[in-house]
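Peer 1: One file: my_file_33.txt (compact mmCIF, C-alpha atoms).
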```txt
# COMPACT_ATOMS: atom_id res chain seq x y z
CA MET O 15 2.66 -41.07 -9.59
CA PRO O 16 2.12 -38.44 -6.85
CA GLU O 17 3.17 -39.33 -3.34
CA LYS O 18 0.29 -40.49 -1.15
CA LYS O 19 -0.63 -38.01 1.58
CA ALA O 20 -0.70 -38.82 5.26
CA PRO O 21 -4.28 -39.25 6.56
CA ARG O 22 -4.27 -35.85 8.33
CA ASN O 23 -2.61 -33.97 5.48
CA LYS O 24 -5.27 -31.57 4.15
CA THR O 25 -3.02 -29.61 1.80
CA ILE O 26 -4.80 -28.49 -1.36
CA ASP O 27 -2.64 -29.31 -4.38
CA THR O 28 -5.21 -30.29 -7.01
CA PRO O 29 -3.62 -30.47 -10.48
CA VAL O 30 -5.12 -28.66 -13.46
CA SER O 31 -6.05 -31.99 -15.02
CA GLU O 32 -8.42 -32.70 -12.10
CA GLY O 33 -9.74 -29.19 -11.50
CA ARG O 34 -11.13 -27.97 -14.79
CA GLU O 35 -14.50 -27.29 -13.17
CA TYR O 36 -12.88 -24.72 -10.88
CA ILE O 37 -10.89 -23.06 -13.64
CA ALA O 38 -14.13 -22.74 -15.62
CA ARG O 39 -15.51 -20.52 -12.84
CA CYS O 40 -12.71 -18.00 -13.33
CA VAL O 41 -13.11 -15.06 -15.68
CA ARG O 42 -10.81 -13.24 -18.09
CA ILE O 43 -11.05 -9.48 -18.47
CA ASP O 44 -9.73 -8.07 -21.74
CA ASP O 45 -12.03 -5.07 -22.23
CA ALA O 46 -13.15 -2.14 -20.09
CA VAL O 47 -15.60 -3.07 -17.32
CA GLY O 48 -18.33 -0.44 -17.14
CA ASP O 49 -19.93 -1.68 -13.92
CA ILE O 50 -17.88 -3.28 -11.14
CA ASN O 51 -20.96 -5.24 -10.06
CA THR O 52 -20.59 -7.44 -13.14
CA VAL O 53 -17.31 -8.87 -11.83
CA LEU O 54 -17.99 -9.01 -8.10
CA ASP O 55 -16.98 -12.21 -6.31
CA LYS O 56 -14.81 -13.40 -9.18
CA THR O 57 -11.35 -14.85 -9.61
CA VAL O 58 -9.72 -13.23 -12.62
CA LEU O 59 -7.23 -15.32 -14.56
CA GLY O 60 -4.86 -12.79 -16.05
CA ASP O 61 -2.05 -10.24 -15.72
CA THR O 62 -2.62 -7.61 -13.01
CA PHE O 63 -1.05 -4.83 -15.07
CA LYS O 64 -3.45 -5.49 -17.97
CA VAL O 65 -6.59 -6.25 -15.96
CA CYS O 66 -6.33 -3.19 -13.70
CA ARG O 67 -6.51 -0.93 -16.75
CA CYS O 68 -9.94 -2.43 -17.51
CA LEU O 69 -11.51 -1.97 -14.07
CA PRO O 70 -13.60 1.07 -13.07
CA LYS O 71 -11.81 3.79 -11.13
CA GLU O 72 -12.64 4.31 -7.45
CA SER O 73 -14.59 1.05 -7.22
CA VAL O 74 -12.62 -0.75 -4.49
CA ASP O 75 -12.91 -0.29 -0.70
CA LEU O 76 -9.85 -2.24 0.40
CA ILE O 77 -6.73 -3.48 -1.39
CA ILE O 78 -4.69 -6.33 0.07
CA ALA O 79 -1.50 -6.83 -1.93
CA ASP O 80 1.06 -9.58 -1.47
CA PRO O 81 3.44 -8.96 -4.40
CA PRO O 82 6.43 -11.23 -5.05
CA TYR O 83 9.17 -10.45 -2.55
CA ASN O 84 12.49 -9.54 -4.14
CA LEU O 85 13.76 -13.11 -4.01
CA THR O 86 14.43 -15.67 -6.68
CA LYS O 87 11.47 -17.97 -6.11
CA THR O 88 9.53 -20.44 -8.21
CA PHE O 89 5.74 -20.19 -8.25
CA ASN O 90 4.38 -23.34 -9.90
CA ASN O 91 5.69 -23.08 -13.47
CA SER O 92 7.08 -19.53 -13.34
CA THR O 93 10.07 -18.04 -11.54
CA PHE O 94 10.37 -14.55 -10.10
CA THR O 95 14.03 -13.56 -10.36
CA LYS O 96 15.57 -11.27 -7.78
CA LYS O 97 16.02 -7.74 -9.13
CA SER O 98 18.36 -4.96 -8.19
CA ALA O 99 16.96 -2.55 -5.59
CA VAL O 100 16.44 0.05 -8.32
CA ASP O 101 14.56 -2.37 -10.56
CA TYR O 102 12.40 -3.68 -7.71
CA GLU O 103 11.51 -0.11 -6.77
CA GLU O 104 10.43 0.51 -10.37
CA TYR O 105 8.38 -2.71 -10.33
CA THR O 106 6.71 -1.55 -7.12
CA ARG O 107 5.89 1.85 -8.62
CA GLN O 108 4.39 0.19 -11.67
CA TRP O 109 1.94 -2.01 -9.81
CA LEU O 110 1.04 0.71 -7.29
CA ASP O 111 0.36 3.05 -10.20
CA ALA O 112 -1.94 0.36 -11.64
CA VAL O 113 -4.00 -0.20 -8.48
CA CYS O 114 -4.08 3.32 -7.02
CA PRO O 115 -6.84 4.65 -9.34
CA LEU O 116 -9.10 1.71 -8.37
CA LEU O 117 -9.26 2.63 -4.68
CA LYS O 118 -12.11 4.81 -3.43
CA PRO O 119 -11.18 8.10 -1.70
CA SER O 120 -12.19 6.45 1.59
CA GLY O 121 -10.29 3.24 0.86
CA SER O 122 -7.28 1.57 2.47
CA ILE O 123 -4.37 -0.52 1.19
CA TYR O 124 -2.16 -3.10 2.92
CA VAL O 125 1.05 -4.36 1.33
CA CYS O 126 2.86 -7.48 2.53
CA CYS O 127 6.66 -7.69 2.38
CA ASP O 128 9.77 -9.10 4.03
CA TRP O 129 12.37 -7.02 5.86
CA GLU O 130 14.39 -6.25 2.72
CA THR O 131 11.54 -5.26 0.40
CA SER O 132 9.96 -3.35 3.30
CA LEU O 133 12.71 -0.74 2.95
CA ILE O 134 11.57 -0.07 -0.60
CA ILE O 135 7.80 -0.50 -0.29
CA GLY O 136 7.42 1.76 2.73
CA ARG O 137 9.15 4.58 0.91
CA VAL O 138 7.38 4.17 -2.44
CA LEU O 139 3.94 3.66 -0.90
CA GLY O 140 4.11 7.18 0.49
CA ASP O 141 4.27 8.59 -3.03
CA PHE O 142 0.79 7.21 -3.76
CA PHE O 143 -1.01 7.05 -0.40
CA LYS O 144 -0.98 8.35 3.16
CA VAL O 145 1.08 5.83 5.13
CA ARG O 146 -0.53 5.10 8.51
CA ASN O 147 1.56 2.34 10.04
CA ARG O 148 3.87 -0.60 9.58
CA ILE O 149 2.61 -3.86 11.03
CA THR O 150 5.17 -6.51 11.91
CA TRP O 151 3.98 -10.06 12.42
CA GLN O 152 5.77 -13.09 13.77
CA ARG O 153 6.25 -15.76 11.15
CA GLU O 154 7.25 -18.87 13.07
CA LYS O 155 8.20 -21.21 10.27
CA GLY O 156 11.25 -22.30 8.34
CA ARG O 157 14.78 -23.36 9.11
CA GLY O 158 17.41 -21.12 10.63
CA ALA O 159 20.16 -19.44 8.62
CA LYS O 160 23.78 -20.59 8.98
CA ALA O 161 25.39 -17.16 8.65
CA ASN O 162 22.60 -14.78 9.65
CA TRP O 163 19.66 -14.38 11.99
CA LYS O 164 16.62 -16.46 11.05
CA ASN O 165 13.91 -14.36 9.38
CA GLY O 166 11.07 -14.78 11.88
CA LEU O 167 9.19 -11.56 11.11
CA GLU O 168 7.45 -9.97 8.13
CA ASP O 169 5.96 -6.53 7.56
CA ILE O 170 2.64 -5.23 6.27
CA TRP O 171 2.47 -1.54 5.33
CA TYR O 172 -0.88 0.14 5.97
CA ALA O 173 -1.95 3.27 4.09
CA THR O 174 -5.10 5.13 3.09
CA LYS O 175 -6.19 7.17 0.07
CA SER O 176 -7.21 10.16 2.22
CA ASN O 177 -7.84 11.21 5.80
CA GLU O 178 -11.37 9.80 5.62
CA TYR O 179 -11.18 6.04 6.02
CA THR O 180 -12.61 3.00 7.81
CA PHE O 181 -11.00 1.59 10.92
CA ASN O 182 -13.14 -0.73 13.06
CA LEU O 183 -11.19 -0.94 16.31
CA GLU O 184 -13.78 -2.98 18.21
CA ALA O 185 -13.77 -5.64 15.49
CA VAL O 186 -10.10 -6.47 15.94
CA LYS O 187 -9.54 -6.36 19.67
CA ILE O 188 -7.77 -9.39 21.11
CA ARG O 189 -9.20 -11.36 24.02
CA LYS O 190 -6.41 -12.05 26.49
CA LYS O 191 -6.35 -13.96 29.73
CA VAL O 192 -6.05 -11.78 32.83
CA VAL O 193 -3.30 -13.22 35.00
CA ALA O 194 -3.39 -10.66 37.83
CA PRO O 195 -6.96 -9.30 37.95
CA TYR O 196 -7.29 -5.80 39.44
CA ARG O 197 -10.48 -4.80 41.22
CA VAL O 198 -12.00 -1.52 42.35
CA ASP O 199 -14.58 -1.76 45.15
CA GLY O 200 -14.55 -5.50 44.60
CA LYS O 201 -15.50 -5.24 40.93
CA PRO O 202 -13.33 -6.09 37.89
CA LYS O 203 -11.61 -3.04 36.38
CA ASP O 204 -11.32 -3.22 32.57
CA TRP O 205 -11.74 -6.99 32.47
CA THR O 206 -14.52 -9.56 32.46
CA GLU O 207 -15.02 -12.29 35.04
CA THR O 208 -16.56 -15.57 33.82
CA ALA O 209 -16.90 -19.10 35.11
CA LYS O 210 -14.40 -20.21 32.47
CA GLY O 211 -11.76 -17.59 33.21
CA ASN O 212 -11.00 -13.90 33.39
CA TYR O 213 -10.42 -11.98 30.15
CA ARG O 214 -9.76 -8.52 28.79
CA ASP O 215 -10.39 -7.30 25.25
CA THR O 216 -7.28 -5.30 24.39
CA CYS O 217 -6.51 -2.86 21.58
CA PRO O 218 -4.29 -4.47 18.94
CA SER O 219 -0.82 -3.09 18.37
CA ASN O 220 1.25 -3.07 15.20
CA PHE O 221 3.09 -6.20 16.35
CA TRP O 222 1.11 -9.40 15.81
CA ASP O 223 2.46 -12.47 17.60
CA ASP O 224 -0.70 -14.60 17.40
CA ILE O 225 -0.52 -15.71 13.76
CA THR O 226 -0.22 -19.37 12.80
CA ILE O 227 1.29 -20.03 9.38
CA PRO O 228 -0.86 -22.56 7.45
CA PHE O 229 0.53 -26.06 7.80
CA TRP O 230 -0.32 -29.44 6.34
CA SER O 231 -3.10 -30.52 8.72
CA MET O 232 -5.08 -27.27 8.38
CA PRO O 233 -7.94 -27.21 5.82
CA GLU O 234 -6.84 -23.78 4.57
CA ASN O 235 -3.35 -24.98 3.61
CA THR O 236 -2.32 -25.18 -0.05
CA ALA O 237 0.91 -26.02 -1.83
CA HIS O 238 1.48 -22.34 -2.65
CA PRO O 239 5.01 -21.42 -1.42
CA ALA O 240 4.07 -18.03 0.04
CA GLN O 241 0.55 -18.46 1.42
CA LYS O 242 -0.67 -16.12 4.16
CA SER O 243 -2.99 -17.37 6.89
CA GLU O 244 -6.70 -16.60 6.98
CA LYS O 245 -6.39 -15.16 10.48
CA LEU O 246 -3.79 -12.64 9.31
CA ILE O 247 -5.99 -11.44 6.46
CA ALA O 248 -9.12 -11.46 8.65
CA LYS O 249 -7.60 -8.83 10.94
CA ILE O 250 -7.03 -6.55 7.95
CA ILE O 251 -10.47 -7.05 6.42
CA LEU O 252 -12.35 -6.56 9.69
CA ALA O 253 -10.40 -3.43 10.59
CA SER O 254 -10.51 -1.66 7.23
CA SER O 255 -13.77 -2.66 5.56
CA ASN O 256 -17.45 -3.17 6.33
CA PRO O 257 -19.88 -5.92 5.32
CA GLY O 258 -20.77 -5.53 1.67
CA ASP O 259 -17.54 -3.68 0.80
CA LEU O 260 -15.27 -4.83 -2.03
CA VAL O 261 -11.90 -6.36 -1.14
CA PHE O 262 -9.44 -6.43 -4.05
CA ASP O 263 -6.26 -8.51 -4.27
CA PRO O 264 -4.07 -7.87 -7.33
CA PHE O 265 -1.76 -10.82 -6.50
CA LEU O 266 -4.31 -13.37 -5.37
CA GLY O 267 -2.14 -16.49 -5.21
CA SER O 268 -4.11 -19.36 -3.70
CA GLY O 269 -7.04 -17.12 -2.82
CA THR O 270 -6.78 -16.30 0.88
CA SER O 271 -8.01 -12.70 0.56
CA SER O 272 -11.08 -13.74 -1.43
CA VAL O 273 -11.86 -16.67 0.87
CA VAL O 274 -11.68 -14.56 4.03
CA ALA O 275 -13.68 -11.75 2.43
CA LYS O 276 -16.40 -14.25 1.59
CA LYS O 277 -16.42 -15.66 5.13
CA LEU O 278 -16.71 -12.15 6.56
CA LYS O 279 -19.58 -11.13 4.24
CA ARG O 280 -17.57 -8.85 1.98
CA HIS O 281 -17.43 -8.88 -1.80
CA TYR O 282 -14.14 -9.89 -3.36
CA LEU O 283 -12.20 -9.63 -6.59
CA GLY O 284 -8.78 -11.18 -7.13
CA ILE O 285 -6.35 -11.37 -10.04
CA GLU O 286 -3.96 -14.28 -10.47
CA ILE O 287 -1.83 -15.10 -13.50
CA ASP O 288 -1.22 -18.76 -12.66
CA GLU O 289 -4.00 -21.14 -13.70
CA ARG O 290 -3.35 -23.68 -10.97
CA TYR O 291 -3.47 -21.08 -8.20
CA CYS O 292 -6.78 -19.81 -9.61
CA LEU O 293 -8.04 -23.38 -9.38
CA TRP O 294 -7.06 -23.62 -5.70
CA ALA O 295 -8.69 -20.25 -4.98
CA GLU O 296 -12.00 -21.38 -6.46
CA GLN O 297 -11.74 -24.71 -4.67
CA ARG O 298 -11.26 -22.93 -1.35
CA LEU O 299 -14.13 -20.54 -2.08
CA GLU O 300 -16.38 -23.57 -2.54
CA MET O 301 -15.11 -25.07 0.73
CA ALA O 302 -15.96 -21.80 2.51
CA ASP O 303 -19.66 -22.45 1.86
CA ALA O 304 -19.52 -25.52 4.11
CA ASP O 305 -16.90 -24.23 6.57
CA PRO O 306 -17.01 -20.47 7.27
CA GLU O 307 -14.74 -20.73 10.32
CA ILE O 308 -11.47 -18.80 10.65
CA GLN O 309 -8.94 -20.36 12.97
CA GLY O 310 -8.40 -18.27 16.10
CA TYR O 311 -11.46 -16.09 15.44
CA VAL O 312 -14.54 -17.31 17.29
CA ASP O 313 -17.84 -15.56 18.03
CA GLY O 314 -16.51 -12.25 16.72
CA VAL O 315 -13.37 -12.30 18.85
CA PHE O 316 -9.67 -12.85 18.13
CA TRP O 317 -8.40 -15.06 20.91
CA GLU O 318 -4.91 -14.95 22.32
CA ARG O 319 -2.87 -17.95 21.19
CA ASN O 320 -3.22 -21.11 23.30
CA THR O 321 -6.37 -19.94 25.10
CA LEU O 322 -9.20 -21.17 22.88
CA SER O 323 -9.06 -24.81 23.90
CA GLU O 324 -9.70 -23.88 27.52
CA GLN O 325 -13.11 -22.47 26.74
CA ASN O 326 -14.90 -25.64 25.55
CA LEU O 327 -16.71 -23.38 23.11
CA VAL O 328 -19.26 -24.53 20.61
CA SER O 329 -19.43 -23.28 17.06
CA ARG O 330 -21.78 -20.55 15.89
CA THR O 331 -24.32 -23.20 14.88
CA GLU O 332 -24.50 -24.19 18.58
CA ASP O 333 -25.31 -27.81 17.81
CA VAL O 334 -21.91 -28.71 16.33
CA PRO O 335 -19.00 -28.90 18.79
CA VAL O 336 -15.78 -27.14 17.89
CA THR O 337 -13.22 -29.82 17.11
CA ALA O 338 -9.62 -30.09 18.16
CA ASP O 339 -8.61 -29.00 14.66
CA THR O 340 -10.20 -25.62 15.35
CA PHE O 341 -7.68 -24.98 18.09
CA GLU O 342 -4.68 -26.75 16.63
CA ARG O 343 -1.50 -24.76 17.01
CA GLU O 344 -3.38 -21.67 18.20
```
In structure tokens, write the structure found in this file.
Peer 2:
Amino acid sequence: MPEKKAPRNKTIDTPVSEGREYIARCVRIDDAVGDINTVLDKTVLGDTFKVCRCLPKESVDLIIADPPYNLTKTFNNSTFTKKSAVDYEEYTRQWLDAVCPLLKPSGSIYVCCDWETSLIIGRVLGDFFKVRNRITWQREKGRGAKANWKNGLEDIWYATKSNEYTFNLEAVKIRKKVVAPYRVDGKPKDWTETAKGNYRDTCPSNFWDDITIPFWSMPENTAHPAQKSEKLIAKIILASSNPGDLVFDPFLGSGTSSVVAKKLKRHYLGIEIDERYCLWAEQRLEMADADPEIQGYVDGVFWERNTLSEQNLVSRTEDVPVTADTFERE
């Protein structure tokens, strides 16, 4: 008998036996897809290497990939076994070769990795795309190591198919509190003065220290062992796609890329080989209909951590107050 959850534990861990209705919403792709519009906004249950061969070339605007890191790790009923550096490089080349033809000439790709796989992915990515940057984000979770430094950071490599690409700077600026406001002729210089505080919208750097890893009392949390947060993915989608664009995730996991794409009015398509993770993705997509919020992103602005609760903001519907859960751990 499964252990009873604490009242505030919102972790999604629905078993296959109780989630057949969600699995039924997933699709399988075994033959060539002539028109990408026939599979828009779908969760594909299948093998990325096989499914990608069936999808139309140059049909995707943005790829967000979170492949297995080169660690021995169990994902539900399957285990990814750590490979040699040479073998992991070959694995990386294989999946990049599978997804590269799907990206439009104006498209972008982001690849998640840890410090060790970053050494391989950054190098191999340049053989397929034009590498633009390496984002490092602070991952404050997990126990310390006894004989090494705790891994508190992860990387995301950013690349484009060509020199013509989307980057929406204004959409991803961060609103920060102004501690020492500077004025010229008595007027704020490069900051905004409000009754609730003084703020400046700043250009984001390639170091992100405002990400909260999903934890048990957050509605977005699942039992997936390597889940990324919605806020993390939202930054990528807002910067490198436009409403109506197609966001593709070849390693969908518990569905974060698709869920965030839906909340931000993009189309989505994700491939996941594990049936239970597909279930959770579809369950979260259904939940997004009732709750389109993204923690830390309010009224079109990414707020600096620990500043949202000071604003006494209301939600976009204006008649429903933002709850404490909205600001929890931000």
Peer 1: Would you pick out the contacts of Lys190 (chain O) at 6 Å or less, using all atoms listed in the file, so that residues sharing its chain but fewer than 3 positions from it are not included, and give the list as a list in words?
Peer 2: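 Once the nearby chain positions are removed, what remains is Tyr213, Arg214 and Glu318 of chain O.
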Peer 1: Mind writing the picked residues with C-alpha atoms as a compact mmCIF listing (two decimals), keeping the file's coordinate frame?
Peer 2:
```
# COMPACT_ATOMS: atom_id res chain seq x y z
CA TYR O 213 -10.42 -11.98 30.15
CA ARG O 214 -9.76 -8.52 28.79
CA GLU O 318 -4.91 -14.95 22.32
```
Peer 1: Hey, could you make a per-residue contact list for region 33-130 of chain O against region 260-276 of chain O with 6 Å as the cut-off, showing the nearest pair of atoms and its distance in Å to one decimal, counting only C-alpha atoms, sorted by chain and number, as a Markdown table?
Peer 2:
```
| residue | atom | partner | partner_atom | distance |
| --- | --- | --- | --- | --- |
| O:Thr62 | CA | O:Pro264 | CA | 5.9 |
| O:Val74 | CA | O:Leu260 | CA | 5.5 |
| O:Asp75 | CA | O:Leu260 | CA | 5.3 |
| O:Leu76 | CA | O:Val261 | CA | 4.9 |
| O:Ile77 | CA | O:Phe262 | CA | 4.8 |
| O:Ile78 | CA | O:Asp263 | CA | 5.1 |
| O:Ala79 | CA | O:Asp263 | CA | 5.6 |
| O:Asp80 | CA | O:Phe265 | CA | 5.9 |
| O:Pro81 | CA | O:Phe265 | CA | 5.9 |
```
Peer 1: Between O:Lys97, O:Lys277, O:Lys155, O:Arg34, which has the minimum distance to Glu307 (chain O) (counting all atoms listed in the file)?
Peer 2: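 Smallest distance to Glu307 (chain O) is found for O:Lys277.
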Peer 1: For Gly60 (chain O), which of O:Thr28, O:Arg137, O:Ala99, O:Ile285 is the closest residue, counting all atoms listed in the file?
Peer 2: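 So, comparing all the options, the nearest one is O:Ile285.
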Peer 1: In Å, how far is it from CA of Leu299 (chain O) to CA of Leu116 (chain O)?
Peer 2: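 Atom-to-atom, CA of Leu299 (chain O) to CA of Leu116 (chain O), that is 23.7 Å.
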Peer 1: Which distance in Å separates CA of His281 (chain O) and CA of Arg107 (chain O), to one decimal?
Peer 2: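 These two atoms are separated by 26.6 Å.
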Peer 1: Excluding Pro257 (chain O) and any residue of its chain fewer than 6 positions from it, enumerate the residues within 8 Å of it, using all atoms listed in the file, and give them as number ranges by chain.
Peer 2: O: 278-280
Peer 1: When you count only C-alpha atoms, which of these residues is closest to Pro82 (chain O): O:Val138, O:Ala240, O:Val65, O:Leu110?
Peer 2: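 Distance minimum relative to Pro82 (chain O) lands on O:Ala240.
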Peer 1: Go ahead and find all residues with at least one atom no further than 12 Å from (-5.1, -24.9, 3.8) in the file's coordinates, using only C-alpha atoms; report them as an MDAnalysis selection string.
Peer 2: chainID O and resid 22:27 226:239 241:245 268:270 273 294:295 297:299 301:302 308:309
Peer 1: Please determine, counting only C-alpha atoms, which residue among O:Ile123, O:Leu54, O:Ala159, O:Cys217 has the shortest atom-to-atom distance to Tyr179 (chain O).
Peer 2: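 Under the stated criterion, the closest residue is O:Ile123.
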Peer 1: Please list, as a list in words, the residues that have an atom at most 6 Å away from (10.5, -4.5, -3.6) in the coordinates of this file, counting only C-alpha atoms.
Peer 2: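 Applying the cut-off with only C-alpha atoms, one gets Asn84, Tyr102, Glu103, Thr106, Thr131, Ile134 and Ile135 of chain O.
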Peer 1: Could you check how far CA of Tyr311 (chain O) sits from CA of Ser73 (chain O), in Å to one decimal?
Peer 2: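 So the answer is 28.6 Å.
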Peer 1: Which of these residues is nearest to Ala253 (chain O), using all atoms listed in the file: O:Val312, O:Ala304, O:Val186, O:Ile225?
Peer 2: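 Closest to Ala253 (chain O), using all atoms listed in the file: O:Val186.
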Peer 1: Residues near Ala185 (chain O), anyone? I mean within 8 Å using only C-alpha atoms, not counting same-chain ones fewer than 2 positions away, as a list in words.
Peer 2: Asn182, Leu183, Lys187, Leu252, Ala253, Gly314 and Val315 of chain O
Peer 1: Using only C-alpha atoms, can you tell me which of O:Arg197, O:Leu59, O:Lys191, O:Ile287 comes closest to Gly211 (chain O)?
Peer 2: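 Of O:Arg197, O:Leu59, O:Lys191, O:Ile287, the one nearest Gly211 (chain O), counting only C-alpha atoms, is O:Lys191.
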